[in-house]
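**Q** Take a look at this one; I'll ask things after.
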Amino acid sequence: MSPRSRIVALALGVALLAAVPPLAAAFNQPFYLDLVRRIMIFAIAAASLNLILGYGGMISFGHAAYLGVGGYAVGVLAHYGIHDGFLQWGLAIGASALVALVIGAVSIRTSGVYFIMITLAFTQMLYYLGISIEEFGGDDGMRLTSRSRFPGLDLADANAFYYLVLAILVLVLFLIHRIVNSRFGMVIRAARSNEARTRAIGFSPYPYRLAAFVIAGAVCGLAGALLVNHTAYLTPDFMNWTRSGELMFMVILGGVGSVVGPVLGAFALLVLEDLLSGWTAHWQIILGPLLVLSVLFFRRGLAGLAFSKNE
Amino acid sequence: MNSLLEIRGLTKSFGALRASDGIDLDVREGETHAIIGPNGAGKTTLIGQLAGGLRPDAGRVRFDGVDVTALAAPQRARMGLARSFQITSIYPEFSALENVMLAVQARSGSSFRFWTAARREEALRSPALQALDEVGLAARAEVQAANLAHGEQRALEIAMALATRPRLLLLDEPVAGMGAEETQRMIAFLSTLKGGKTIILVEHDMDAVFSLADRVSVLVYGRIIATGSPREIRANPEVRRAYLGEEAPA
């Protein structure tokens with residue numbers, strides 16, 4: 001696909017997403033508004049994971065941690081009566097970046113299986129921390145008494161919230177597109193491709209990887225803030241390890257190292273999950289093999305199918 | 001007769017194997033210094049310790065008067081020590097140009113820049129194109145590195161090393177696996193670098209060694225048994241017995 005037709009395809013995709021609220025209203029199917037909004041929030045989280053997994057080669061099996069930190073930042077402030085959106089989301093981003101800095105500083109010193117296990121272990125620690133704090137509902141979680149409040153914007157208005165999520169998704173994808181093509185992005189991609197060569201030309205990958213890890217955490221924290229506003233309910237399940245697995249799957253299914261891949265992956269996985277779970281209670285038995293087949297046959301993911309260079 | 005690189009008592013063991021056994025060596029500014037030796041003599045181990053990928057058990061390496069023994073590979077690279085690898089080491093999914101641009105980037109300004117597209121930066125592009133041109137790859141700049149021929153990939157690796165503007169070039173078997181014609185072209189290119197750059201050349205190809213080297217050191221079982229001009233090395237009876245005996249050059 002040429003760069004121009006790629007832009008046309010992207011514009012078409014955004015237009016399609018923008019058309020969902022009027023269409024859902026016209027057919028009186030508000031459920032779809034809800035579904036697509038949820039998918040877009042996960043697409044933001046998956047896109048942030050893609051920065052470190054797809055471009056940086058860091059297989060983080062704990063990315064749901066930042067969904068949790070972002071969610072708790074909003075939920076806890078709301079619990080104490082602070083509903084200002086800028087404060088809540090700012091804390092969500094800042095706290096997630098800080099947690100990512102700590103987790104990254106330790107885990108990026110390792111690689112391979114150890115990296116996967118350490119990122120998982122940190123996230124499990126946060127998960128159990130969430131379960132153990134009775135003040136915030138412990139295992140059961142707690143209801144969000146009010147959605148985040150912004151001047152001139154009411155998140156209780158389903159359409160307004162939907163368009164905000166869409167705008168943030170587009171912004172995040174643009175941000176990641178810029179980052180991966182910048183000097184910084186070239187270094188983390190180079191370190192993934194050939195670490196020995198990268199060191200030999202004079203780059204120590206560690207600080208670059210850590211910075212990417214922090215950026216990814218911060219963006220995912222924002223997704224967490226969106227998610228808790230979407231569900232209006234906060235539970236430690238935001239940080240469940242299966243969540244981290246789902247995010248990884250969205251990235252891999254969509255196409256590792258493609259900016260829009262995670263969006264396609266999020267749509268494919270969550271729509272499939274929705275269709276199959278409506279059909280049978282044992283939907284995971286069908287979803288599992290489908291995912292295995294897709295990984296076997298579409299190595300470059302859905303983005304690889306859609307955006308192949310006609311080689 | 002300034003030494004750019006001073007190696008003193010360099011020792012490195014892998015289990016019971018002494019890959020470097022008290023190596024002393026001086027490499028003079030501007031010379032091309034070849035290191036030859038039979039397989040398993042410890043040549044690549046030596047290069048690894050000079051470039052910084054391997055930590056010696058004992059001994060010191062001084063580069064331009066500075067003790068670099070404790071420095072890691074990236075720091076040494078930034079001081080001007082560039083290397084090529086015995087097994088081609090490039091970024092296969094990037095274009096030839098992008099490969100070299102990364103090397104330029106390593107030596108020009110901060111890489112904590114997140115917004116501007118690196119591939120449009122003229123400050124990276126034109127030195128990279130020039131380095132590609134020097135090794136004869138200008139016409140192949142946009143080709144994905146994985147799709148280059150083996151000899152072209154070797155040349156690309158040297159272009160990357162040159163693009164970091166090194167003071168000392170460590171070449172680990174630059175003509176390994178090349179055809180006769182490619183080998184001749186590479187030797188011709190390396191001879192254009194002679195004098196301007198200080199080069200340590202590890203090589204099996206005796207044509208390359210004897211046509212390029214100002215001095216030759218012979219490494220056998222982790223020890224340097226002789227250092228001298230190509231003519232002296234060829235005439236040295238100990239060298240002939242230990243190494244050249246099987247393939248004595250005409």
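Residues are referred to by chain and number: the chain letter is A, B, ... according to the order shown in the structure tokens, the number counts from 1 in that chain, and ligands are numbered separately from 1 in the order shown.
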Fewer than 4 positions away in the same chain doesn't count, so skip those; otherwise give me all residues within 7 Å of Ala131 in chain B, counting only C-alpha atoms, as a VMD selection string.
**A** chain B and resid 127 135 159 162 to 163
**Q** Distance table requested - chain B against chain A, cut-off 6 Å, only C-alpha atoms: one row per qualifying residue with the closest atom pair and its distance in Å to one decimal, ordered by chain and rising residue number, as a Markdown table.
**A**
| residue | atom | partner | partner_atom | distance |
| --- | --- | --- | --- | --- |
| B:Ala73 | CA | A:Ala200 | CA | 5.9 |
| B:Pro74 | CA | A:Gly202 | CA | 3.8 |
| B:Ala77 | CA | A:Gly202 | CA | 4.7 |
| B:Arg78 | CA | A:Gly202 | CA | 5.3 |
| B:Tyr91 | CA | A:Ser193 | CA | 5.9 |
| B:Ala103 | CA | A:Ile201 | CA | 5.7 |
| B:Ala106 | CA | A:Gly202 | CA | 5.7 |
| B:Ser111 | CA | A:Phe184 | CA | 5.2 |
| B:Phe112 | CA | A:Phe184 | CA | 5.3 |
| B:Arg113 | CA | A:Phe184 | CA | 5.5 |
| B:Phe114 | CA | A:Ile179 | CA | 5.0 |
| B:Trp115 | CA | A:Arg178 | CA | 5.4 |
| B:Thr116 | CA | A:Ser182 | CA | 5.3 |
| B:Ala117 | CA | A:Ser182 | CA | 4.5 |
| B:Ala118 | CA | A:Ser182 | CA | 4.9 |
**Q** Which neighbours of range 96-105 of chain A fall inside 8 Å, counting only C-alpha atoms, when residues of the same chain fewer than 4 positions from it are skipped, and could you give them as an NGL selection string?
**A** :A and (66 or 69-70 or 92 or 109 or 119 or 122 or 210 or 213-215 or 217-218 or 220-221)
**Q** Keeping C-alpha atoms for every residue in the selection just given, could you write it to a file as an mmCIF file, in the first residue's frame?
**A**
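Okay, this is what ended up in again14.cif:
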data_model
loop_
_atom_site.group_PDB
_atom_site.id
_atom_site.type_symbol
_atom_site.label_atom_id
_atom_site.label_comp_id
_atom_site.auth_asym_id
_atom_site.auth_seq_id
_atom_site.Cartn_x
_atom_site.Cartn_y
_atom_site.Cartn_z
ATOM 1 C CA TYR A 66 -0.960 0.544 34.351
ATOM 2 C CA VAL A 69 -2.821 2.239 38.436
ATOM 3 C CA GLY A 70 -4.671 4.616 36.098
ATOM 4 C CA ALA A 92 -3.360 8.488 36.442
ATOM 5 C CA ARG A 109 18.280 -5.199 33.349
ATOM 6 C CA THR A 119 6.986 -7.835 34.698
ATOM 7 C CA PHE A 122 5.315 -6.874 39.673
ATOM 8 C CA LEU A 210 13.530 2.588 30.125
ATOM 9 C CA PHE A 213 8.795 1.710 29.052
ATOM 10 C CA VAL A 214 7.788 4.824 30.993
ATOM 11 C CA ILE A 215 6.022 6.386 27.986
ATOM 12 C CA GLY A 217 3.146 2.998 31.078
ATOM 13 C CA ALA A 218 1.943 6.601 31.086
ATOM 14 C CA CYS A 220 -1.673 2.904 29.392
ATOM 15 C CA GLY A 221 -2.402 4.740 32.644
#
**Q** Distance CA of Thr11 in chain B-CA of Pro166 in chain B, one decimal place?
**A**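 CA of Pro166 in chain B lies at a distance of 25.5 Å from CA of Thr11 in chain B.
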**Q** Compile the contact shell of range 75-82 of chain A as a VMD selection string: residues with an atom at most 8 Å away, counting only C-alpha atoms, same-chain residues fewer than 3 positions apart removed.
**A** chain A and resid 71 to 72 88 136 144 to 146 148 228 234
**Q** How many Å separate CA of Thr45 in chain B from CA of Glu152 in chain B?
**A**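 Between these atoms lies a distance of 25.3 Å.
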**Q** Using CA of Leu272 in chain A and CA of Ala25 in chain A as the two end points, give the distance in Å to one decimal.
**A**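 About the pair CA of Leu272 in chain A and CA of Ala25 in chain A: they are 22.7 Å apart.
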**Q** Considering only C-alpha atoms, return as a list of chain:residue names whatever protein or nucleic-acid residues lie within 6 Å of range 79-85 of chain B, sequence-local ones (same chain, fewer than 2 positions apart) excluded.
**A**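 The filter keeps B:Arg76, B:Ala77, B:Ile87, B:Thr88, B:Ala161, B:Pro166, B:Arg167, B:Leu168, B:Leu169, B:Leu170, B:Leu171, B:Asp172.
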**Q** Enumerate, as number ranges by chain, the complete set of residues in range 71-286 of chain A that a backbone-based DSSP assignment places in strand (DSSP E).
**A** A: 142-143, 149-150, 153-154, 233-234
**Q** With a distance cut-off of 10 Å and only C-alpha atoms, select the neighbouring residues of Ser126 in chain B, excluding the residue or stretch itself and same-chain residues fewer than 5 positions from it, and output the selection as a list in words.
**A** Leu97, Met101, Val104, Glu121, Ala131 and Leu132 of chain B
**Q** Hey, can you spit out that residue selection with C-alpha atoms as a JSON list (two decimals), in the first residue's frame?
**A**
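Output below, filename result.json:
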[["chain", "number", "residue", "atom", "x", "y", "z"],
["B", 97, "LEU", "CA", 20.86, 3.82, 4.40],
["B", 101, "MET", "CA", 22.22, 6.61, 9.55],
["B", 104, "VAL", "CA", 25.89, 8.48, 12.26],
["B", 121, "GLU", "CA", 17.33, 14.67, 9.05],
["B", 131, "ALA", "CA", 29.84, 6.42, 3.87],
["B", 132, "LEU", "CA", 27.74, 4.17, 1.61]]
**Q** Write out as an mmCIF file with C-alpha atoms, in the first residue's frame which residues come within 10 Å of Leu166 in chain A when counting only C-alpha atoms, dropping same-chain ones fewer than 3 positions away.
**A**
data_model
loop_
_atom_site.group_PDB
_atom_site.id
_atom_site.type_symbol
_atom_site.label_atom_id
_atom_site.label_comp_id
_atom_site.auth_asym_id
_atom_site.auth_seq_id
_atom_site.Cartn_x
_atom_site.Cartn_y
_atom_site.Cartn_z
ATOM 1 C CA VAL A 14 -11.586 7.184 11.695
ATOM 2 C CA LEU A 17 -15.555 5.012 14.036
ATOM 3 C CA ALA A 18 -16.998 8.530 14.084
ATOM 4 C CA VAL A 36 -16.825 0.156 20.390
ATOM 5 C CA ARG A 37 -15.929 2.629 23.123
ATOM 6 C CA MET A 40 -11.086 1.807 21.590
ATOM 7 C CA ILE A 41 -9.974 2.106 25.214
ATOM 8 C CA ILE A 44 -5.102 2.681 23.408
ATOM 9 C CA ALA A 160 -19.424 12.971 24.199
ATOM 10 C CA PHE A 161 -17.437 10.346 26.068
ATOM 11 C CA TYR A 162 -17.263 8.225 22.915
ATOM 12 C CA TYR A 163 -15.831 11.051 20.825
ATOM 13 C CA LEU A 169 -7.024 7.125 20.379
ATOM 14 C CA VAL A 170 -6.142 9.102 17.250
ATOM 15 C CA LEU A 171 -3.832 11.338 19.261
ATOM 16 C CA VAL A 172 -2.064 8.377 20.881
#
**Q** Run DSSP on the backbone and grab whatever in range 92-125 of chain B lands in helix (DSSP H, G or I); send it over as a list in words.
**A** Ala96, Leu97, Glu98, Asn99, Val100, Met101, Leu102, Ala103, Val104, Gln105, Ala106, Ala118, Arg119, Arg120, Glu122, Ala123, Leu124 and Arg125 of chain B
**Q** Would you please work out which residue, of A:Val74, A:Leu290, A:Val295, A:Leu270, is nearest to Ala225 in chain A when using only C-alpha atoms?
**A** A:Val74
